[in-house]
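File shown here: my_file.csv, holding CSV, C-alpha atoms and all ligand atoms.
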chain,number,residue,atom,x,y,z
A,16,MET,CA,38.2,66.7,97.4
A,17,SER,CA,36.6,68.7,94.6
A,18,LYS,CA,33.1,68.3,93.1
A,19,GLY,CA,34.8,66.0,90.5
A,20,PHE,CA,34.3,63.0,92.8
A,21,ILE,CA,30.9,62.6,91.3
A,22,LYS,CA,31.3,60.6,88.1
A,23,LYS,CA,27.6,60.2,87.3
A,24,VAL,CA,24.2,61.3,88.4
A,25,THR,CA,21.2,58.9,88.4
A,26,MET,CA,17.7,60.1,88.9
A,27,GLU,CA,14.7,58.2,89.9
A,28,GLU,CA,11.6,58.8,87.8
A,29,GLY,CA,9.9,62.1,88.8
A,30,ALA,CA,13.0,63.5,90.6
A,31,LEU,CA,13.4,66.3,88.1
A,32,GLN,CA,10.1,67.9,89.1
A,33,TYR,CA,11.8,69.2,92.3
A,34,ASP,CA,13.6,72.5,92.3
A,35,PHE,CA,16.3,71.0,94.5
A,36,SER,CA,17.2,68.5,91.7
A,37,ARG,CA,17.5,71.2,89.1
A,38,LYS,CA,19.8,73.2,91.4
A,39,ILE,CA,22.0,70.2,92.0
A,40,LEU,CA,22.3,69.4,88.3
A,41,LYS,CA,23.2,73.0,87.7
A,42,ASN,CA,26.1,72.7,90.1
A,43,LEU,CA,27.2,69.5,88.3
A,44,ARG,CA,26.9,70.7,84.8
A,45,GLY,CA,28.8,68.4,82.4
A,46,THR,CA,28.3,65.3,84.6
A,47,PRO,CA,26.5,62.5,82.8
A,48,VAL,CA,22.9,62.0,84.0
A,49,THR,CA,20.7,58.9,83.6
A,50,GLU,CA,17.2,58.1,84.7
A,51,ARG,CA,16.7,55.0,86.8
A,52,GLN,CA,13.6,53.1,87.9
A,53,PRO,CA,12.6,53.2,91.6
A,54,GLY,CA,14.3,50.6,93.9
A,55,GLY,CA,17.3,49.5,91.9
A,56,GLU,CA,20.3,47.5,92.8
A,57,LYS,CA,21.1,46.6,96.4
A,58,THR,CA,24.5,46.8,97.9
A,59,GLY,CA,26.0,44.6,100.6
A,60,PRO,CA,29.2,43.3,102.1
A,61,ASN,CA,30.5,42.3,98.6
A,62,ASP,CA,30.1,45.7,97.1
A,63,SER,CA,33.5,47.3,97.5
A,64,THR,CA,32.7,50.8,96.3
A,65,MET,CA,29.2,51.4,97.7
A,66,GLY,CA,28.6,53.7,94.7
A,67,LYS,CA,30.5,56.6,96.4
A,68,ASP,CA,31.1,58.3,93.1
A,69,ILE,CA,27.5,58.2,91.9
A,70,LEU,CA,24.9,60.7,93.0
A,71,HIS,CA,21.4,59.4,93.1
A,72,LEU,CA,18.5,61.9,93.3
A,73,LEU,CA,15.2,60.6,94.5
A,74,PRO,CA,12.1,61.6,96.5
A,75,TYR,CA,12.0,60.1,100.0
A,76,LYS,CA,8.9,58.4,101.1
A,77,GLY,CA,9.7,58.0,104.8
A,78,GLU,CA,9.8,60.3,107.7
A,79,PHE,CA,12.4,63.1,107.4
A,80,LEU,CA,12.7,63.5,111.2
A,81,LYS,CA,13.3,60.5,113.4
A,82,PRO,CA,14.7,60.0,116.9
A,83,CYS,CA,18.2,58.7,117.0
A,84,PRO,CA,18.0,54.9,117.1
A,85,GLY,CA,19.4,54.5,120.7
A,86,THR,CA,18.4,51.6,122.8
A,87,THR,CA,16.8,51.5,126.3
A,88,ASP,CA,19.9,49.5,127.6
A,89,TYR,CA,22.2,52.6,127.4
A,90,ILE,CA,21.8,56.3,128.0
A,91,CYS,CA,21.2,58.1,124.7
A,92,CYS,CA,21.4,61.8,124.1
A,93,GLY,CA,17.8,62.2,122.8
A,94,TYR,CA,18.9,63.6,119.4
A,95,GLN,CA,16.6,63.8,116.4
A,96,ILE,CA,17.9,62.9,112.9
A,97,LEU,CA,17.0,65.0,109.9
A,98,ASN,CA,17.4,62.4,107.2
A,99,LEU,CA,18.2,64.2,104.0
A,100,GLY,CA,20.1,61.5,102.3
A,101,THR,CA,22.2,58.4,102.8
A,102,ASN,CA,25.8,57.3,102.3
A,103,CYS,CA,28.9,59.4,102.3
A,104,PRO,CA,31.7,60.2,99.9
A,105,LEU,CA,34.3,59.8,102.7
A,106,ASP,CA,35.3,56.2,103.5
A,107,CYS,CA,36.2,55.7,107.2
A,108,THR,CA,37.2,52.1,107.8
A,109,TYR,CA,34.9,51.9,110.9
A,110,CYS,CA,31.9,53.5,109.3
A,111,ILE,CA,28.7,51.7,110.4
A,112,LEU,CA,27.0,52.7,107.1
A,113,GLN,CA,28.9,49.9,105.4
A,114,SER,CA,26.6,47.4,107.0
A,115,TYR,CA,23.7,49.6,107.9
A,116,ILE,CA,22.5,50.9,104.5
A,117,ASN,CA,21.4,48.5,101.9
A,118,GLN,CA,21.3,50.8,98.9
A,119,PRO,CA,24.3,51.9,97.0
A,120,ASN,CA,25.2,55.5,95.8
A,121,LEU,CA,25.2,58.9,97.4
A,122,ARG,CA,21.4,59.3,97.8
A,123,VAL,CA,20.0,62.7,98.1
A,124,PHE,CA,16.3,63.3,98.9
A,125,VAL,CA,15.1,65.9,96.5
A,126,ASN,CA,11.5,66.4,98.0
A,127,LEU,CA,13.3,68.3,100.7
A,128,ASP,CA,10.8,71.2,100.8
A,129,VAL,CA,7.8,68.9,101.3
A,130,GLY,CA,9.8,67.0,104.0
A,131,LEU,CA,10.9,70.2,105.8
A,132,LYS,CA,7.4,71.5,105.9
A,133,GLN,CA,6.3,68.5,107.8
A,134,VAL,CA,9.3,68.7,110.1
A,135,PHE,CA,8.6,72.3,111.0
A,136,GLN,CA,4.9,71.6,111.6
A,137,GLN,CA,6.0,69.1,114.2
A,138,ILE,CA,8.6,71.5,115.7
A,139,ASP,CA,6.2,74.5,115.8
A,140,LYS,CA,3.5,72.5,117.4
A,141,GLN,CA,5.7,72.0,120.5
A,142,PRO,CA,7.2,75.4,121.3
A,143,ASP,CA,8.3,74.3,124.8
A,144,LYS,CA,10.2,71.3,123.6
A,145,ILE,CA,13.8,71.8,122.4
A,146,PHE,CA,14.6,69.8,119.3
A,147,ARG,CA,18.3,69.0,118.9
A,148,ILE,CA,18.5,67.9,115.3
A,149,GLY,CA,21.4,66.6,113.3
A,150,THR,CA,22.0,65.7,109.7
A,151,GLY,CA,25.2,63.8,110.2
A,152,GLU,CA,24.0,60.4,111.2
A,153,PHE,CA,23.6,58.7,107.7
A,154,THR,CA,26.2,60.9,106.0
A,155,ASP,CA,28.7,63.6,106.6
A,156,SER,CA,26.7,66.9,107.0
A,157,LEU,CA,29.0,69.0,104.8
A,158,ALA,CA,30.9,66.6,102.5
A,159,MET,CA,28.5,67.3,99.6
A,160,ASP,CA,27.6,70.8,100.5
A,161,PRO,CA,29.3,72.4,97.5
A,162,ILE,CA,27.0,70.3,95.3
A,163,THR,CA,23.8,70.4,97.3
A,164,ARG,CA,24.2,73.8,98.9
A,165,LEU,CA,22.0,72.4,101.7
A,166,SER,CA,23.5,74.6,104.4
A,167,GLU,CA,22.3,77.7,102.5
A,168,HIS,CA,18.8,76.2,102.5
A,169,LEU,CA,18.7,75.0,106.1
A,170,LEU,CA,20.3,77.8,108.0
A,171,PRO,CA,17.6,80.5,107.5
A,172,LEU,CA,14.8,78.0,108.3
A,173,PHE,CA,16.4,76.8,111.6
A,174,SER,CA,17.8,80.2,112.6
A,175,ARG,CA,14.5,81.8,112.9
A,176,ARG,CA,13.1,79.2,115.4
A,177,ARG,CA,13.5,79.5,119.1
A,178,ASN,CA,13.2,75.8,120.1
A,179,VAL,CA,15.8,74.1,117.9
A,180,ALA,CA,19.5,73.5,117.6
A,181,LEU,CA,20.6,72.3,114.2
A,182,GLU,CA,23.9,70.4,114.4
A,183,LEU,CA,26.0,69.9,111.2
A,184,LYS,CA,28.7,67.4,111.8
A,185,THR,CA,31.7,66.9,109.5
A,186,LYS,CA,35.2,65.7,109.0
A,187,THR,CA,35.7,68.1,106.1
A,188,THR,CA,36.6,71.8,105.6
A,189,ARG,CA,33.6,72.4,103.3
A,190,VAL,CA,32.4,75.5,105.2
A,191,GLU,CA,32.2,78.0,102.3
A,192,GLY,CA,28.4,77.7,102.0
A,193,LEU,CA,28.0,78.2,105.8
A,194,LEU,CA,30.3,81.2,105.9
A,195,ALA,CA,28.5,82.8,102.9
A,196,SER,CA,25.2,82.6,104.8
A,197,LYS,CA,24.3,85.5,107.2
A,198,TYR,CA,22.6,83.2,109.6
A,199,ARG,CA,24.3,81.9,112.8
A,200,ASP,CA,21.6,81.5,115.4
A,201,ARG,CA,20.5,78.0,116.5
A,202,VAL,CA,23.3,76.4,114.5
A,203,VAL,CA,26.1,74.2,115.9
A,204,LEU,CA,29.0,73.3,113.7
A,205,SER,CA,30.6,70.1,114.9
A,206,TRP,CA,33.8,68.3,113.9
A,207,SER,CA,34.4,64.6,114.5
A,208,LEU,CA,37.9,64.2,115.9
A,209,ASN,CA,40.1,61.3,116.7
A,210,SER,CA,43.8,60.8,117.3
A,211,PRO,CA,46.2,61.8,114.5
A,212,TYR,CA,47.1,58.2,114.0
A,213,ILE,CA,43.4,57.1,113.5
A,214,ALA,CA,42.6,60.2,111.4
A,215,ARG,CA,45.6,59.3,109.1
A,216,HIS,CA,45.0,55.5,108.9
A,217,GLU,CA,41.3,55.0,109.3
A,218,GLU,CA,39.5,58.1,108.1
A,219,LYS,CA,40.1,57.9,104.3
A,220,MET,CA,39.2,60.9,102.3
A,221,ALA,CA,38.6,63.0,105.5
A,222,GLU,CA,40.7,66.2,106.0
A,223,ASN,CA,43.6,66.0,108.5
A,224,LEU,CA,43.0,67.2,112.0
A,225,ASP,CA,44.9,70.4,111.6
A,226,LYS,CA,42.8,71.4,108.6
A,227,ARG,CA,39.5,70.4,110.4
A,228,LEU,CA,40.4,72.5,113.4
A,229,LYS,CA,41.5,75.4,111.3
A,230,ALA,CA,38.2,75.3,109.5
A,231,ALA,CA,36.5,75.2,113.0
A,232,ARG,CA,38.5,78.2,114.1
A,233,ARG,CA,37.4,80.1,111.0
A,234,CYS,CA,33.8,79.3,111.7
A,235,GLN,CA,34.1,80.2,115.4
A,236,SER,CA,35.7,83.6,114.5
A,237,GLU,CA,32.8,84.2,112.2
A,238,GLY,CA,30.3,83.7,114.9
A,239,PHE,CA,29.3,80.0,114.9
A,240,ILE,CA,29.0,77.9,118.0
A,241,LEU,CA,31.1,74.7,117.9
A,242,GLY,CA,30.7,71.1,119.0
A,243,PHE,CA,33.2,68.2,118.9
A,244,HIS,CA,32.8,64.5,118.8
A,245,PHE,CA,35.5,62.0,119.8
A,246,ASP,CA,33.6,59.0,118.4
A,247,PRO,CA,34.7,56.3,117.9
A,248,LEU,CA,37.5,56.3,120.4
A,249,ILE,CA,39.9,53.5,119.3
A,250,HIS,CA,42.5,51.7,121.3
A,251,HIS,CA,45.9,51.7,119.5
A,252,PRO,CA,49.5,51.7,120.5
A,253,GLY,CA,50.4,55.0,122.3
A,254,TRP,CA,46.7,56.1,122.2
A,255,LYS,CA,46.9,58.2,125.3
A,256,ASP,CA,49.6,60.4,123.9
A,257,GLU,CA,48.1,60.4,120.5
A,258,TYR,CA,44.7,61.8,121.8
A,259,LEU,CA,46.6,64.4,123.7
A,260,LYS,CA,48.1,65.6,120.4
A,261,THR,CA,44.6,66.3,119.2
A,262,LEU,CA,43.8,68.2,122.5
A,263,ASP,CA,46.9,70.3,121.9
A,264,LEU,CA,45.6,71.2,118.4
A,265,MET,CA,42.2,72.1,119.9
A,266,ASP,CA,43.9,74.4,122.4
A,267,LYS,CA,45.9,76.0,119.6
A,268,TYR,CA,42.9,76.9,117.4
A,269,ILE,CA,39.7,76.9,119.5
A,270,ASP,CA,38.3,79.1,122.2
A,271,PRO,CA,36.7,76.6,124.6
A,272,LYS,CA,34.1,79.1,125.8
A,273,GLY,CA,32.4,78.8,122.4
A,274,VAL,CA,32.0,75.0,122.6
A,275,ILE,CA,28.5,73.8,123.4
A,276,TRP,CA,29.3,70.1,123.8
A,277,ILE,CA,31.9,67.4,123.3
A,278,SER,CA,30.8,63.8,123.1
A,279,LEU,CA,32.9,60.8,123.9
A,280,GLY,CA,32.0,57.4,122.4
A,281,SER,CA,34.0,54.2,122.3
A,282,ILE,CA,34.0,52.1,119.1
A,283,ARG,CA,30.9,49.9,118.8
A,284,PHE,CA,29.4,48.1,115.9
A,285,MET,CA,27.0,45.3,114.9
A,286,PRO,CA,28.9,42.0,114.4
A,287,GLY,CA,28.0,42.0,110.7
A,288,LEU,CA,30.3,45.0,110.1
A,289,LYS,CA,33.4,42.9,111.0
A,290,PRO,CA,33.7,40.9,107.8
A,291,ILE,CA,33.0,44.0,105.8
A,292,ILE,CA,35.8,45.9,107.4
A,293,ARG,CA,38.2,43.0,106.8
A,294,LYS,CA,37.2,42.8,103.2
A,295,ARG,CA,37.0,46.5,102.3
A,296,HIS,CA,39.9,47.7,104.5
A,297,PRO,CA,42.3,44.8,105.0
A,298,ASN,CA,45.0,47.1,106.5
A,299,SER,CA,42.7,48.6,109.1
A,300,ARG,CA,43.6,48.2,112.8
A,301,VAL,CA,40.2,49.1,114.2
A,302,LEU,CA,39.4,45.4,114.9
A,303,ASP,CA,42.5,44.8,116.9
A,304,GLY,CA,41.9,44.1,120.5
A,305,GLU,CA,39.1,42.1,122.2
A,306,PHE,CA,35.5,43.0,122.0
A,307,VAL,CA,32.5,41.8,123.9
A,308,THR,CA,28.8,41.9,122.9
A,309,GLY,CA,26.9,44.6,124.7
A,310,LEU,CA,23.2,44.6,125.8
A,311,ASP,CA,22.3,46.1,122.4
A,312,GLY,CA,24.0,43.4,120.5
A,313,LYS,CA,26.9,45.7,119.5
A,314,MET,CA,30.5,44.7,119.9
A,315,ARG,CA,32.5,47.0,122.2
A,316,TYR,CA,35.7,47.0,124.3
A,317,PHE,CA,35.6,45.5,127.8
A,318,LYS,CA,34.3,48.0,130.3
A,319,PRO,CA,37.6,48.8,132.0
A,320,ILE,CA,39.1,49.8,128.7
A,321,ARG,CA,36.2,52.1,127.9
A,322,ILE,CA,36.5,53.6,131.4
A,323,ASP,CA,40.2,54.2,130.8
A,324,GLN,CA,39.4,55.9,127.4
A,325,PHE,CA,36.7,58.2,128.8
A,326,GLY,CA,38.6,59.0,132.0
A,327,HIS,CA,41.7,60.0,130.0
A,328,LEU,CA,39.8,62.3,127.7
A,329,ARG,CA,37.7,63.8,130.4
A,330,GLU,CA,40.6,64.5,132.7
A,331,ASN,CA,42.5,66.3,130.0
A,332,LEU,CA,39.6,68.1,128.3
A,333,GLU,CA,38.7,69.5,131.7
A,334,LYS,CA,42.2,70.8,132.2
A,335,TRP,CA,41.5,72.8,129.0
A,336,HIS,CA,38.2,74.2,130.2
A,337,SER,CA,35.9,73.3,133.0
A,338,SER,CA,32.6,73.7,131.2
A,339,LEU,CA,32.5,71.9,127.8
A,340,GLY,CA,29.2,70.0,127.9
A,341,LEU,CA,31.0,66.7,128.0
A,342,TYR,CA,28.9,63.6,127.6
A,343,LEU,CA,29.2,59.9,126.8
A,344,CYS,CA,27.5,58.4,123.9
A,345,MET,CA,25.5,55.1,124.6
A,346,GLU,CA,27.0,54.2,127.9
A,347,SER,CA,25.5,52.8,131.1
A,348,ASP,CA,24.9,54.5,134.4
A,349,ASP,CA,27.9,53.0,136.1
A,350,VAL,CA,30.3,53.9,133.3
A,351,TRP,CA,29.1,57.5,133.7
A,352,GLU,CA,29.6,57.5,137.4
A,353,SER,CA,33.1,56.0,137.2
A,354,THR,CA,34.3,58.3,134.5
A,355,MET,CA,32.4,61.5,134.7
A,356,GLY,CA,31.7,61.5,138.5
A,357,TRP,CA,27.9,61.9,137.9
A,358,SER,CA,25.3,60.3,135.8
A,359,PRO,CA,22.2,61.6,134.0
A,360,GLY,CA,20.6,58.3,135.1
A,361,GLU,CA,18.6,57.8,131.9
A,362,THR,CA,18.1,59.3,128.4
A,363,ALA,CA,15.6,61.9,129.7
A,364,GLY,CA,18.3,63.1,132.1
A,365,LEU,CA,21.0,63.5,129.4
A,366,SER,CA,18.4,65.2,127.1
A,367,ARG,CA,17.8,67.8,129.9
A,368,TYR,CA,21.5,68.4,130.4
A,369,LEU,CA,22.1,69.0,126.6
A,370,ASP,CA,18.9,71.1,126.3
A,371,LYS,CA,20.2,73.3,129.1
A,372,ARG,CA,23.4,73.8,127.1
A,373,VAL,CA,21.3,74.9,124.1
A,374,VAL,CA,19.5,77.4,126.3
A,375,GLU,CA,22.8,78.7,127.8
A,376,PHE,CA,24.2,79.2,124.3
A,377,PHE,CA,21.2,80.4,122.3
A,378,GLY,CA,18.7,81.6,124.9
B,1,LIG,S1,32.4,60.6,107.7
B,1,LIG,FE1,31.0,59.5,108.9
B,1,LIG,S2,29.4,58.8,107.4
B,1,LIG,FE2,31.2,59.4,106.2
B,1,LIG,S3,32.4,57.5,105.9
B,1,LIG,FE3,33.2,58.5,107.8
B,1,LIG,S4,32.0,57.6,109.5
B,1,LIG,FE4,30.9,57.1,107.6

I'd like the structure from this file rewritten - as structure tokens, please.
Ligand code: SF4
Amino acid sequence: MSKGFIKKVTMEEGALQYDFSRKILKNLRGTPVTERQPGGEKTGPNDSTMGKDILHLLPYKGEFLKPCPGTTDYICCGYQILNLGTNCPLDCTYCILQSYINQPNLRVFVNLDVGLKQVFQQIDKQPDKIFRIGTGEFTDSLAMDPITRLSEHLLPLFSRRRNVALELKTKTTRVEGLLASKYRDRVVLSWSLNSPYIARHEEKMAENLDKRLKAARRCQSEGFILGFHFDPLIHHPGWKDEYLKTLDLMDKYIDPKGVIWISLGSIRFMPGLKPIIRKRHPNSRVLDGEFVTGLDGKMRYFKPIRIDQFGHLRENLEKWHSSLGLYLCMESDDVWESTMGWSPGETAGLSRYLDKRVVEFFG
């Protein structure tokens, strides 16, 4: 995927006053630019493209840093989301953004410096609290990096702080900006992984697993700490062997001692996503199988299936290395106990476990 996937730039009134907008436009020289009034069209289940080829620059009026929207019904990792934009140029069939975001286009918040100033005030006020922060919740952290050069901007700011870990999560190989930076401290580069079958059929526009892991190896060899996320785990014919193929690739390319954490999450989604998947991705198999409604209103597999998935991954990952910072995403105490052999009990417990990993890796 080259920068050429952006066919047009739209700018909300006033966006051009920000340096960040001017830098982006410079990187997209030759792309048509139009000005648009605030608000604008809505997208929804019927919008088949979601405006994934239009870059929309706008100042953001909300909070840049927010806790991950976990629920009290399940154990959450206590992550904070740095919200720098919404929507993603990739097009995974299972992507929750298809039903979650109600505005089209690849939206980038250009008042970044104002937002980051507030974020760092918050972080610096609490030197004893560890902030695990990610940008990959409402977009892929690196898919647009060649255009926004965000990594260049963020790394020096985070690297110099002692109470943070910034996680950049991706399914791409767009690591040039990161590698060009001299900063490594307090940064976790994470790749989302799945089985080769799911990566091929359900993760449209993403790089294949071999390329993702080769990019991860390159970053590891250049001093970055790595993380991995098996989320969403999806049941499909031959899934056990298929996931083992991914573990083989990890073993081929990655030194497990440099992995800070690996999360496991079984597919879950709000019921409203189902008709959107059927319409936008009629050949997708992610809805095959039976789902039940969880306490948070999300659809998920029956508990025995989830336990089977986590148990299989855990057992085989631990054969690779005994200390990988494995954790489950949005699961209950009893699922933790049955699959991991222990439970953090609650969100605060899982936060402590992951904070401890941050201290072990970064001091
Ligand atoms: S990479 Fe993530 S944000 Fe982008 S389409 Fe896939 S699931 Fe959605």

**Request:** Could you give me, as number ranges by chain, the residues that sit within 10 Å of (34.4, 58.8, 88.6) in the file's coordinates, counting all atoms listed in the file?
**Result:** A: 19-23, 46, 66-69

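The smallest atom-to-atom distance between Ser36 of chain A and any of A:Asn298, A:Asn126, A:Gln324, A:Gln133, using all atoms listed in the file, is found for A:Asn126.
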
**Message:** Using all atoms listed in the file and a cutoff of 12 Å, can you tell me which residues are near (32.1, 64.4, 117.5) in the file's coordinates, and write them out as a ChimeraX atom specification?
**Reply:** /A:149,151-152,155,182-186,203-209,227,241-248,274-281,341-344

**Request:** Using all atoms listed in the file, find the one residue out of A:Leu194, A:Leu40, A:Ala221, A:Val134 that sits nearest to ligand LIG 1 (chain B).
**Result:** A:Ala221

**Prompt:** Any idea what's packed within 10 Å of segment 89-93 of chain A, counting only C-alpha atoms, ignoring anything in its chain fewer than 6 positions away? Could you give it as a PyMOL selection string?
**Reply:** chain A and resi 82-83+146-148+278+309-311+342-348+351+358-370
